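Enquirer: data32.txt is reproduced below (compact mmCIF, C-alpha atoms).
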# COMPACT_ATOMS: atom_id res chain seq x y z
CA MET U 16 -50.70 71.87 30.38
CA ASP U 17 -47.87 73.28 28.28
CA ASN U 18 -48.21 70.69 25.55
CA GLN U 19 -51.75 71.98 24.94
CA ARG U 20 -50.67 75.60 24.51
CA GLU U 21 -50.52 76.89 20.96
CA GLN U 22 -46.99 77.47 19.70
CA LEU U 23 -46.17 80.85 18.17
CA LEU U 24 -42.96 81.87 16.43
CA MET U 25 -42.00 85.56 16.25
CA VAL U 26 -39.40 86.65 13.68
CA ASP U 27 -38.17 90.19 14.34
CA ASP U 28 -34.72 91.70 14.83
CA ASP U 29 -35.95 94.20 17.46
CA GLN U 30 -34.99 92.19 20.53
CA ILE U 31 -36.57 94.57 23.05
CA PHE U 32 -39.90 94.55 21.19
CA CYS U 33 -39.74 90.75 20.89
CA GLY U 34 -39.20 90.45 24.62
CA VAL U 35 -42.24 92.59 25.39
CA VAL U 36 -44.46 90.68 22.95
CA LYS U 37 -43.21 87.30 24.15
CA ASP U 38 -43.90 88.12 27.81
CA TYR U 39 -47.37 89.44 27.00
CA LEU U 40 -48.46 86.53 24.79
CA THR U 41 -46.96 84.00 27.20
CA ASN U 42 -49.07 85.49 29.97
CA GLN U 43 -52.08 85.08 27.67
CA GLY U 44 -51.53 81.33 27.47
CA PHE U 45 -49.29 80.83 24.41
CA ASN U 46 -45.90 79.25 24.01
CA VAL U 47 -43.77 81.83 22.20
CA ALA U 48 -40.40 81.31 20.54
CA VAL U 49 -38.38 84.19 19.10
CA VAL U 50 -35.75 84.31 16.34
CA TYR U 51 -34.17 87.38 14.79
CA ASN U 52 -33.64 86.61 11.10
CA GLY U 53 -34.82 84.49 8.19
CA VAL U 54 -32.10 81.87 8.46
CA ALA U 55 -32.99 81.18 12.09
CA MET U 56 -36.68 81.08 11.14
CA THR U 57 -36.08 78.42 8.50
CA GLN U 58 -34.03 76.34 10.91
CA TYR U 59 -36.67 76.60 13.64
CA LEU U 60 -39.51 75.63 11.30
CA SER U 61 -37.53 72.60 10.11
CA GLU U 62 -37.43 71.28 13.68
CA HIS U 63 -40.69 72.42 15.31
CA ILE U 64 -44.43 72.54 14.67
CA VAL U 65 -45.66 76.13 14.85
CA ASP U 66 -49.34 77.09 14.99
CA LEU U 67 -48.87 80.73 13.94
CA LEU U 68 -46.01 82.87 12.64
CA ILE U 69 -45.55 86.56 13.50
CA LEU U 70 -43.19 87.89 10.83
CA ASP U 71 -41.62 91.34 10.60
CA VAL U 72 -41.13 92.82 7.13
CA MET U 73 -37.75 94.42 7.83
CA LEU U 74 -35.17 91.78 8.72
CA PRO U 75 -31.36 91.89 8.51
CA ASP U 76 -30.94 89.10 5.95
CA GLU U 77 -34.08 88.62 3.85
CA ASP U 78 -37.22 90.72 4.03
CA GLY U 79 -40.32 89.22 5.58
CA LEU U 80 -42.41 89.58 2.41
CA SER U 81 -39.97 87.39 0.50
CA LEU U 82 -39.96 84.86 3.31
CA ALA U 83 -43.77 84.77 3.44
CA ARG U 84 -43.94 84.35 -0.34
CA TRP U 85 -41.43 81.47 -0.16
CA LEU U 86 -43.33 79.77 2.67
CA ARG U 87 -46.62 79.87 0.79
CA ALA U 88 -44.91 78.62 -2.38
CA GLU U 89 -43.67 75.67 -0.33
CA ASN U 90 -47.23 74.91 0.84
CA TYR U 91 -46.77 76.24 4.37
CA GLN U 92 -50.33 76.33 5.74
CA GLN U 93 -50.11 77.90 9.19
CA PRO U 94 -51.33 81.49 9.70
CA ILE U 95 -48.86 84.32 9.12
CA ILE U 96 -49.28 87.78 10.67
CA MET U 97 -47.00 90.42 9.13
CA LEU U 98 -45.61 93.35 11.14
CA SER U 99 -44.17 96.48 9.57
CA ALA U 100 -43.23 100.02 10.50
CA ALA U 101 -44.26 101.09 6.99
CA ARG U 102 -47.75 102.52 6.77
CA GLU U 103 -48.15 102.56 2.99
CA GLU U 104 -51.30 100.81 1.79
CA ALA U 105 -49.34 99.17 -1.03
CA ASP U 106 -47.15 97.29 1.48
CA ARG U 107 -50.20 95.96 3.30
CA VAL U 108 -51.81 94.89 0.03
CA VAL U 109 -48.65 93.08 -1.08
CA GLY U 110 -48.42 91.29 2.26
CA LEU U 111 -51.99 90.05 2.04
CA GLU U 112 -51.73 89.13 -1.63
CA ILE U 113 -48.72 86.87 -1.07
CA GLY U 114 -50.61 84.88 1.53
CA ALA U 115 -50.31 86.65 4.90
CA ASP U 116 -53.43 86.20 7.01
CA ASP U 117 -53.18 89.62 8.63
CA TYR U 118 -51.00 92.73 8.63
CA LEU U 119 -50.26 95.12 11.50
CA THR U 120 -48.27 98.33 11.48
CA LYS U 121 -45.84 99.19 14.25
CA PRO U 122 -46.06 100.28 16.94
CA ALA U 123 -48.74 97.65 17.33
CA SER U 124 -51.03 97.54 20.33
CA LEU U 125 -50.41 94.36 22.30
CA ARG U 126 -54.13 93.90 22.84
CA GLU U 127 -54.79 94.28 19.12
CA LEU U 128 -52.01 91.83 18.28
CA LEU U 129 -53.50 89.35 20.73
CA ALA U 130 -56.92 89.75 19.13
CA ARG U 131 -55.48 89.24 15.63
CA VAL U 132 -53.57 86.13 16.77
CA ARG U 133 -56.67 84.59 18.30
CA ALA U 134 -58.78 85.44 15.25
CA ALA U 135 -56.25 83.93 12.84
CA LEU U 136 -56.03 80.75 14.90
CA ARG U 137 -59.83 80.46 15.02
CA ARG U 138 -60.06 80.81 11.25
CA HIS U 139 -57.54 78.04 10.79
CA THR U 140 -58.99 75.63 13.35
CA GLY U 141 -59.63 72.38 11.56
CA GLN U 142 -57.92 73.66 8.42
CA LEU U 143 -54.25 73.41 9.36
CA ARG U 144 -52.70 70.58 7.41
CA GLN U 145 -50.72 69.03 10.22
CA PHE U 146 -51.69 65.56 8.94
CA THR U 147 -52.72 63.91 12.18
CA PRO U 148 -54.25 60.44 11.97
CA PRO U 149 -58.04 60.05 11.91
CA ILE U 150 -59.56 59.95 15.39
CA ALA U 151 -61.34 56.68 14.62
CA ASN U 152 -58.03 54.90 14.06
CA PRO U 153 -54.86 56.64 15.31
CA ASN U 154 -52.70 54.05 13.55
CA VAL U 155 -53.86 54.96 10.05
CA TYR U 156 -52.63 57.81 7.84
CA THR U 157 -54.33 58.43 4.51
CA PHE U 158 -53.04 60.46 1.58
CA ARG U 159 -54.82 59.60 -1.66
CA PRO U 160 -54.58 57.03 -3.03
CA PHE U 161 -52.39 55.63 -0.23
CA THR U 162 -53.11 54.40 3.28
CA LEU U 163 -50.35 53.73 5.80
CA ASP U 164 -51.33 51.42 8.66
CA THR U 165 -48.63 51.67 11.31
CA GLU U 166 -50.10 48.88 13.40
CA CYS U 167 -49.86 46.41 10.52
CA HIS U 168 -46.67 48.00 9.16
CA ARG U 169 -48.43 48.15 5.78
CA LEU U 170 -48.81 50.63 2.91
CA THR U 171 -51.63 50.17 0.42
CA LYS U 172 -52.60 51.97 -2.77
CA ASP U 173 -56.31 51.66 -3.54
CA ASP U 174 -56.35 48.64 -1.18
CA VAL U 175 -53.46 46.96 -3.00
CA GLU U 176 -50.37 46.47 -0.85
CA VAL U 177 -47.21 48.36 -1.80
CA SER U 178 -43.98 46.56 -0.92
CA LEU U 179 -41.60 48.67 1.19
CA THR U 180 -38.22 47.86 2.68
CA ASP U 181 -37.75 48.66 6.37
CA ALA U 182 -35.76 51.76 5.46
CA GLU U 183 -38.47 52.98 3.08
CA TYR U 184 -41.22 52.31 5.62
CA ASN U 185 -39.39 54.11 8.43
CA LEU U 186 -38.71 57.08 6.18
CA LEU U 187 -42.36 57.30 5.10
CA LEU U 188 -43.43 57.08 8.75
CA ALA U 189 -41.11 60.00 9.57
CA PHE U 190 -42.63 62.00 6.73
CA VAL U 191 -46.30 61.39 7.55
CA THR U 192 -45.78 62.19 11.23
CA HIS U 193 -43.92 65.43 10.36
CA SER U 194 -45.87 66.52 7.30
CA ASN U 195 -45.66 70.08 5.96
CA GLN U 196 -42.38 70.55 7.82
CA ILE U 197 -39.02 71.05 6.16
CA LEU U 198 -36.82 68.25 7.44
CA SER U 199 -33.06 68.43 7.04
CA ARG U 200 -31.12 65.30 6.16
CA ASN U 201 -29.67 65.07 9.66
CA ARG U 202 -33.14 65.48 11.17
CA LEU U 203 -34.47 62.66 8.98
CA LEU U 204 -31.56 60.43 9.87
CA ASN U 205 -32.34 61.00 13.53
CA LEU U 206 -36.02 60.19 12.97
CA VAL U 207 -35.42 57.04 10.96
CA LYS U 208 -34.62 54.17 13.29
CA GLY U 209 -31.49 52.15 12.86
CA TYR U 210 -29.32 54.78 11.21
CA GLU U 211 -25.86 55.54 12.48
CA HIS U 212 -24.58 58.56 10.61
CA THR U 213 -21.86 61.12 10.47
CA PRO U 214 -22.32 64.82 9.73
CA HIS U 215 -23.21 65.46 6.08
CA ASP U 216 -24.26 61.81 5.61
CA ARG U 217 -26.35 61.80 2.42
CA SER U 218 -27.46 58.16 2.48
CA ILE U 219 -30.99 59.33 3.23
CA ASP U 220 -31.12 60.69 -0.33
CA VAL U 221 -30.91 57.15 -1.67
CA VAL U 222 -33.87 56.02 0.44
CA VAL U 223 -35.86 59.11 -0.56
CA SER U 224 -35.25 58.27 -4.21
CA ARG U 225 -36.42 54.67 -3.70
CA LEU U 226 -39.50 55.76 -1.77
CA ARG U 227 -40.46 58.17 -4.55
CA THR U 228 -40.55 55.30 -7.02
CA LYS U 229 -43.17 53.67 -4.79
CA ILE U 230 -45.50 56.61 -4.09
CA GLU U 231 -45.00 59.26 -6.77
CA ALA U 232 -46.87 59.24 -10.07
CA ASP U 233 -43.76 60.82 -11.59
CA PRO U 234 -40.67 60.35 -9.36
CA GLY U 235 -38.82 62.94 -11.45
CA THR U 236 -41.43 65.56 -10.54
CA PRO U 237 -42.52 64.53 -7.05
CA SER U 238 -45.68 65.92 -5.51
CA TYR U 239 -45.59 64.25 -2.09
CA VAL U 240 -41.87 64.33 -1.19
CA ARG U 241 -40.31 67.50 -2.51
CA THR U 242 -36.70 68.63 -2.27
CA ILE U 243 -36.23 72.04 -0.68
CA ARG U 244 -32.94 73.33 -2.00
CA ASN U 245 -30.20 73.67 0.63
CA LYS U 246 -32.69 72.77 3.36
CA GLY U 247 -33.90 69.18 3.04
CA TYR U 248 -37.25 67.58 2.21
CA LEU U 249 -40.92 68.48 2.64
CA PHE U 250 -43.74 65.92 2.69
CA SER U 251 -47.06 67.46 1.55
CA PRO U 252 -50.08 65.14 1.75
CA SER U 253 -52.13 67.51 -0.38
CA ASN U 254 -55.06 65.11 -0.70
CA TYR U 255 -55.20 64.10 2.94
CA ILE U 256 -58.64 62.87 4.03
CA ALA U 257 -59.50 64.24 7.47
As structure tokens, please, write out the structure in this file.
Expert:
Amino acid sequence: MDNQREQLLMVDDDQIFCGVVKDYLTNQGFNVAVVYNGVAMTQYLSEHIVDLLILDVMLPDEDGLSLARWLRAENYQQPIIMLSAAREEADRVVGLEIGADDYLTKPASLRELLARVRAALRRHTGQLRQFTPPIANPNVYTFRPFTLDTECHRLTKDDVEVSLTDAEYNLLLAFVTHSNQILSRNRLLNLVKGYEHTPHDRSIDVVVSRLRTKIEADPGTPSYVRTIRNKGYLFSPSNYIA
């Protein structure tokens, strides 16, 4: 079934090459989306869960190495395979040092790319921080020292209940079910039930601020709910218990 196929995102401005790769990987059982620049990549990642990113170094707006470095700095955990026409060893070393999982030079063999994709996904099986609920209880999300029980509509910290308003609870629920994703304000407003909003509505910022006072050790320097400048918010349950 399609919803069981792993989702890949390819970022490359060579549209012909992208088409060839997309057709090939689709035939191998993957769902493949394609965008052609860094801005489109950021937008796509803010709205979708991606299992692996194929990222070209040479892009029309921002180079792929800078984008990969930014993603890792923002705690993006999914595998990244870099593509580049450059064959210099230094470029490959830089790509791997900034957090890429693999690096291929163009023109890349489709069979080799497929093998690298499968290998990267195998290495990350069970390690991707998608923050799904424990199998034993699908209604419970845990991020130390907090536990959110969606069946009881209850947040606890070390077994002591934390009082949340409906707006704060719904926002936290949106975060834990979309963890490690950059969520724009409009996306959050759509996820949080009961909000009627207009474009550029910033009321969600108020609720984020209130929620931080409930779950952050230092709301001024948040670790769970971080602001991503000009993009939105990112929830990182760094101490999630699988």
Enquirer: Which distance in Å separates atom CA of U:Leu226 and atom CA of U:Glu166, to one decimal?
Expert: 19.7 Å
Enquirer: Mind giving me the straight-line distance from atom CA of U:Val47 to atom CA of U:Met25 in Å, one decimal?
Expert: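 It comes out at 7.2 Å.
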Enquirer: Produce the centre coordinates and the three edge lengths, each in Å to one decimal, of the box along x, y and z that contains all listed atoms of stretch 164-169 of chain U with 6 Å added on each side, as JSON.
Expert:
{"center_x": -49.0, "center_y": 49.0, "center_z": 9.6, "size_x": 16.7, "size_y": 17.3, "size_z": 19.6}
Enquirer: Which residues come within 9 Å of U:Tyr184, counting only C-alpha atoms, excluding same-chain residues fewer than 6 positions away, as a ChimeraX atom specification?
Expert: /U:168-170,226
Enquirer: Env of U:Phe190: 9 Å cut, atoms = all atoms listed in the file, seq-sep filter 6 positions within chain, self excluded. Answer as a list in words.
Expert: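 What passes the distance filter is Gln196, Leu198, Leu203, Val240, Tyr248, Leu249, Phe250 and Ser251 of chain U.
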Enquirer: Under the rule that only C-alpha atoms are counted, which of U:Asp164, U:Leu68, U:Val36, U:Ile197 is the nearest residue to U:Glu127?
Expert: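 For U:Glu127, the nearest of the given residues is U:Val36.
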Enquirer: For a quick check of understanding, using all atoms listed in the file, which of U:Val54, U:Ile64, U:Cys167, U:Ala134 has the smallest distance to U:Leu24?
Expert: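 Counting all atoms listed in the file, the residue closest to U:Leu24 is U:Ile64.
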Enquirer: Using only C-alpha atoms, which of the listed residues (U:Ser178, U:Asn154, U:Ser224, U:Ser99) sits closest to U:Val191?
Expert: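 Among the listed residues, U:Asn154 lies closest to U:Val191.
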Enquirer: Is it possible to get the residues within 7 Å of (-41.4, 91.2, 10.8) (coordinates as in the file, counting only C-alpha atoms) written as a list in words?
Expert: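 Answer for this query, in the requested form: Val26, Asp27, Ile69, Leu70, Asp71, Val72, Met73, Leu74, Gly79, Met97, Leu98 and Ser99 of chain U.
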Enquirer: Near U:Glu231, within 12 Å and counting only C-alpha atoms, which residues show up once chain neighbours fewer than 6 positions away are dropped, as an MDAnalysis selection string?
Expert: chainID U and resid 158:161 172 223:225 237:241 250:252
